[in-house]
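First up is the structure itself, then whatever we jot down about it.
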Amino acid sequence: MPQEDKTATVRDERYDPQRVESKWFERWQQDTSLYAAEPASTKPKYYVLEMLPYPSGALHMGHVRNYSIGDALARYMWMNGYNVLHPMGWDSFGLPAENAAIAHNTPPREWTQRNIANMKAQMKRLGFAYDWSREVTTCLPEYYRWNQWFFLKLYERGLAYRKKSKVNWCPKCATVLANEQVAGGFCWRHEDTLVEQRDLEQWFLRITNYAEELLRDLDKLEGWPDKVRTMQRNWIGRSEGTLVDFDLGGTVGPAGSTITVFTTRVDTIYGATSVQLAPEHPLVADFTANNPELRAKVDQLKAEQRKAKEAGDIGEIEKHGVFTGRYAKNPYNGEPLPIWVANYIVMDYGTGAIMSVPAHDERDYEFAKKYGLPIRVVIVPSSSDPEETVAEPQLPFTTYDGMVVNSDEFSGLDCVDAIRKMSEHAEKKGFGKATVTYRLKDWGISRQRYWGTPIPMLYCEKDGIVPVPEKELPVILPENVDITLTGGSPLGRVPEFVNATCPKCGGPARRETDTMDTFVDSSWYFYRYADARNDQAPFDSNVVGYWFPIDQYIGGVEHAILHLIYSRFWTKFMRDMGLVRNDEPVERLFTQGMVIKDGAKMSKSLGNVVTPDEMVARYGADAARLYSLFAAPPDRDLDWQDSGIEGIHRFLGRVYRLVSKHSTRMAKNTARSVWEERLTIVGAPGLERDVQRKLFQTVRRVTEDFKGRWHFNTSIAANMELVNQLYLALEHEVGEGVTLEVESGPPLPTLDPEFSRGVFAYLVLLLAPFAPYLAHELWEMLGEKDNLLRAPWPKYDPALAKEEEIEIPVQVNGKVRGRIVVPADADDGFVRDRVADDEKVRAAIAGKQVVKVIIVPGKLVSIVVR
RNA sequence: GCGAAAGUGGCGGAAUUGGCAGACGCACCAGACUUAGGAUCUGGCGGGGAAACCCAUGGGGGUUCGAGUCCCCCCUUUCGCACCA
């Protein structure tokens, strides 16, 4: 800092984020290998990942928050000597590109590329430390060819199959949705749009093959939030039960001659007094074929169920049913049971048919009461005293804690035993078996849209379904496709694409025109980062073996059952084909809260949006990042307040002025080992000791926040406290009326130059993960030559962080009545003496009898008197 | 209906294992420096009271020398699941 140039000095001492940040931005632009992970290293590896964004056009504050957390962690791990992999990419296939294309007449690829360029520039301006040499863009053939390759592998293994079935159709998306993409009957992208059911031929992935393992391994994911694990558990929805065939006594129609019922309580089957079918059950069509009256009633029930489902309250539907006039035989006792159709029985769970046991099921009880069906008790409470006559239980009696009665040879068994024995019985007799059902269904991945990975399959009149040979991959997504027309897959209107040659017979074949769900792209993208430029394989197994599993994954909880369950499935499939060795992709998962403003999620329609660009322009990237970490703990929702970032801006200015003022008065050109040793001196004098203690306390707090709870808001608060104390400490030495702002005047208070340098260097190191621009600027100002990014994280000596003397409160009968000052390690006897000396305490206990004295070392003294 | 999380000053939030409630920041008030201040520095800032003190962590009970923290009941908000047979 040139002393003779007054104006320069003045300008330099004012914190100007634009000046500081543009300087470092330029430097960082020059060095493309700055944040590159080392391919092989003796250092321990650390893979930190934030969920890749959809390139919608611009980053929003939610992104900034997500990436600020990840970036702070990445920088912290670098400073702790890890070989860090911190990549970024683009989830760049998907509907918005098509919709934008239709709205603005821009091809999806152009729109997407423009958005990527803009968002990448924003990320760089925000100073996120990504290894851009590993950038993954899912809409490029070099990426999606491996989607196609994986699809062929799945097909080879029977894990991809084609089937006609009822599928979810979103009229706004004009495409099919997976079950996971339907929320309460509505489209996950259009919360006001009801999903319709359509019969379509679709490609499915057999995720249900892994249902059991996906469920079981949740227990191993101890680094995941319980909330997410619970959501996945619920989604998989494992249920043990028994399938039982009820005979109709002859074929009714195409749907056959038996009703298969799923029940978790086969032990209650002797209490069944009817069979209930879902209105959509195939047999119902047979029953109503020649019975218009019944059909009308069934249609009514169907409509009621549909309405309730659409309203999202199928749980509260008023139960209605109609007797079909038919009977089915209970195979256990040969009893004919009336068959009903009921509006509360849904086709998409179990078999769509139940046995109704009013005595032991609340719903059946309610239904039976309403329609006057018989109620027969077959389970009674287990009695501890066998002599006692078993009382009639309060109905419905639904617990497993009971004993079976009135059930032939099964009478006398307890419920759990009975379920097992009765299932075995069914299997032996050939009318049923124990089974496990899941709520999880196979993953439908066909999409009738343009902007996605073409499914590499062919349809030949002679050879049927034929996969595209591996060597012909990728099947390139054609350009210049008219996507403005609706109805059917856009690719179907491109003859050059559709018309192909059958690789088996050489005859004409038709190409599959549906594209893949974009969740395919994101199911394995993080493996590609490990070996992003491989053109022989999706990745090299050994390279992936080094980096995986991901040590820390950070993203929004909204992907709890979509992306995160698909990714787990994909990993297990790749493991089974020998491509990866890990069972799970992610070791630790962190779900950050949303950014809200004025009590609502930021959205254009509410007009409460704050953009990163505005914030960067006004306060700089550091302030925007720091505020997004400071305003709330990362796992909670963040309430954005414009005035809050002002405070952060002020804080950064305070740090800047403090360091720049004192940088001229501290030691230069000394090695870290020198000032670090001076910093850790034992027996430092007054002011120095106060600063030293606070410094090491701060190092401890920030370090522990990184290791533990990730409450960066308190880490940053700790840094603020340190800065506040430095201001006061340095001010204090000068005396009254002299402030640090004075341009000329008496010399500022000086700490030992080496010590001083150490203090400020540590402060800068502590801020480096959160505010990299300012930290780099100050690091350089201090004359440090090492790369701050790899500079060792500060250490703390617990002994030096310790207070010598502490003030502890003295309570009398639970009220604070006095305070004593004692050495931090004072023993009980010493404390007792001090308490006895204290005037206020003496007054409080005067004339009373001391019953008990509790001394909590270092915390408080509690005296009980009577 | 079931399950989970949360409820603390005017606001965002601290208080990690039961031990001084309100760290840090915002807003506000006062002072300093100033031609000026929307810059900067310093101080104040839960409520009541002149004070001693008293009251206060959604409400009500309890355990304890001591409860924001543990237990029971209730209220509110958010999220997840929902006739799952």
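In the structure tokens, chains take the letters A, B, ... in the order shown, each chain's residues start at 1, and ligands count up from 1 in the order shown.
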Near chain A, meaning an atom within 6 Å, which residues of chain B appear when counting only C-alpha atoms (C1' of nucleotides)? Write them as a list in words. C24, C26, C65, G66, A82, C83 and A85 of chain B
In region 224-353 of chain A, DSSP strand (DSSP E) residues written as a ChimeraX atom specification: /A:239-247,258-263,274-277,321-329,336-342,353
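Comparing A:Lys172, A:Arg790, A:Arg866, A:Arg447 by their smallest distance to Leu34 (chain A), the closest is A:Arg790 (using only C-alpha atoms).
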Residues near region 766-773 of chain A, anyone? I mean within 10 Å using only C-alpha atoms (C1' of nucleotides), not counting same-chain ones fewer than 4 positions away, as an NGL selection string. :A and (17 or 20-25 or 68-79 or 126-129 or 620-630 or 652 or 655 or 698-699 or 702-703 or 712 or 715-716 or 719 or 760-762 or 777-779 or 788-789 or 791 or 793-794)
Contacts of region 661-676 of chain A at 6 Å (only C-alpha atoms (C1' of nucleotides); same-chain gap of 3+ positions) as a ChimeraX atom specification: /A:657-658,679,753-754,756-758,782
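Contact shell of Thr453 (chain A) at 10 Å (only C-alpha atoms (C1' of nucleotides); same-chain neighbours under 5 positions omitted): Phe93, Gly94, Thr138, Cys139, Leu140, Pro141, Tyr143, Tyr144, Arg145, Trp146, Asn147, Gln148, Ser446, Arg447, Pro474, Val475, Ile476, Leu477, Asp514, Thr515, Met516, Asp517, Thr518, Val520 and Asp521 of chain A.
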Atoms to include: N, CA and C atoms. Write the selected residues as a CSV table (one decimal), in the first residue's frame.
```csv
chain,number,residue,atom,x,y,z
A,93,PHE,N,-32.0,-32.2,-20.1
A,93,PHE,CA,-33.2,-32.7,-20.9
A,93,PHE,C,-34.4,-32.3,-20.1
A,94,GLY,N,-35.5,-32.2,-20.8
A,94,GLY,CA,-36.8,-32.0,-20.1
A,94,GLY,C,-37.7,-31.1,-20.7
A,138,THR,N,-26.3,-33.4,-19.7
A,138,THR,CA,-27.0,-34.6,-20.0
A,138,THR,C,-27.6,-34.7,-21.4
A,139,CYS,N,-27.8,-33.5,-22.0
A,139,CYS,CA,-28.5,-33.5,-23.3
A,139,CYS,C,-27.5,-33.7,-24.4
A,140,LEU,N,-26.2,-33.8,-24.1
A,140,LEU,CA,-25.3,-34.1,-25.2
A,140,LEU,C,-25.2,-35.6,-25.5
A,141,PRO,N,-25.0,-35.9,-26.8
A,141,PRO,CA,-24.9,-37.3,-27.2
A,141,PRO,C,-23.8,-38.0,-26.4
A,143,TYR,N,-23.1,-37.8,-23.5
A,143,TYR,CA,-23.7,-38.3,-22.2
A,143,TYR,C,-24.8,-39.3,-22.5
A,144,TYR,N,-25.8,-38.9,-23.3
A,144,TYR,CA,-27.0,-39.7,-23.3
A,144,TYR,C,-26.8,-41.0,-24.1
A,145,ARG,N,-25.7,-41.1,-24.8
A,145,ARG,CA,-25.4,-42.4,-25.4
A,145,ARG,C,-25.3,-43.5,-24.3
A,146,TRP,N,-24.8,-43.1,-23.2
A,146,TRP,CA,-24.6,-44.1,-22.1
A,146,TRP,C,-26.0,-44.4,-21.4
A,147,ASN,N,-26.9,-43.4,-21.5
A,147,ASN,CA,-28.3,-43.8,-21.1
A,147,ASN,C,-28.8,-44.9,-21.9
A,148,GLN,N,-28.5,-44.8,-23.2
A,148,GLN,CA,-29.0,-45.8,-24.2
A,148,GLN,C,-28.2,-47.1,-23.9
A,446,SER,N,-41.1,-44.2,-20.4
A,446,SER,CA,-41.4,-43.7,-21.7
A,446,SER,C,-42.0,-42.3,-21.6
A,447,ARG,N,-41.5,-41.4,-22.4
A,447,ARG,CA,-42.1,-40.1,-22.5
A,447,ARG,C,-42.4,-39.7,-23.9
A,474,PRO,N,-24.4,-43.6,-30.4
A,474,PRO,CA,-25.7,-43.2,-29.9
A,474,PRO,C,-26.8,-43.1,-31.0
A,475,VAL,N,-28.0,-43.4,-30.6
A,475,VAL,CA,-29.1,-43.0,-31.5
A,475,VAL,C,-29.3,-41.5,-31.2
A,476,ILE,N,-28.9,-40.8,-32.3
A,476,ILE,CA,-28.9,-39.3,-32.1
A,476,ILE,C,-30.3,-38.7,-32.2
A,477,LEU,N,-30.6,-37.8,-31.3
A,477,LEU,CA,-31.8,-37.1,-31.3
A,477,LEU,C,-31.8,-36.1,-32.4
A,514,ASP,N,-40.6,-42.8,-28.5
A,514,ASP,CA,-40.6,-42.2,-27.1
A,514,ASP,C,-39.2,-41.9,-26.7
A,515,THR,N,-39.1,-40.9,-25.8
A,515,THR,CA,-37.8,-40.7,-25.1
A,515,THR,C,-37.9,-41.1,-23.7
A,516,MET,N,-36.7,-41.0,-23.0
A,516,MET,CA,-36.6,-41.5,-21.6
A,516,MET,C,-36.9,-40.4,-20.7
A,517,ASP,N,-37.6,-40.8,-19.6
A,517,ASP,CA,-37.7,-39.9,-18.4
A,517,ASP,C,-36.4,-39.3,-18.1
A,518,THR,N,-36.4,-38.0,-17.8
A,518,THR,CA,-35.1,-37.4,-17.4
A,518,THR,C,-34.5,-37.8,-16.1
A,520,VAL,N,-33.8,-40.7,-15.6
A,520,VAL,CA,-32.7,-41.7,-16.0
A,520,VAL,C,-31.4,-40.9,-16.0
A,521,ASP,N,-31.4,-39.7,-16.6
A,521,ASP,CA,-30.1,-39.0,-16.7
A,521,ASP,C,-29.5,-38.8,-15.3
```
Check the smallest atom-to-atom distance from each of A:Gln692, A:Gln122, A:Gln697, A:Asn115 to Asp752 (chain A) using only C-alpha atoms, then report the winner. A:Gln692
What lies within 12 Å of Gly412 (chain A) using only C-alpha atoms (C1' of nucleotides), ignoring chain neighbours under 2 positions off, as a PyMOL selection string? chain A and resi 267+378-383+386+402-410+414-418
I want to know what sits within 12 Å of region 49-63 of chain B, based on only C-alpha atoms (C1' of nucleotides), with residues of the same chain fewer than 4 positions away left out; could you give that as a PyMOL selection string? (chain A and resi 815-817) or (chain B and resi 6-9+15+18+21-22+67-77)
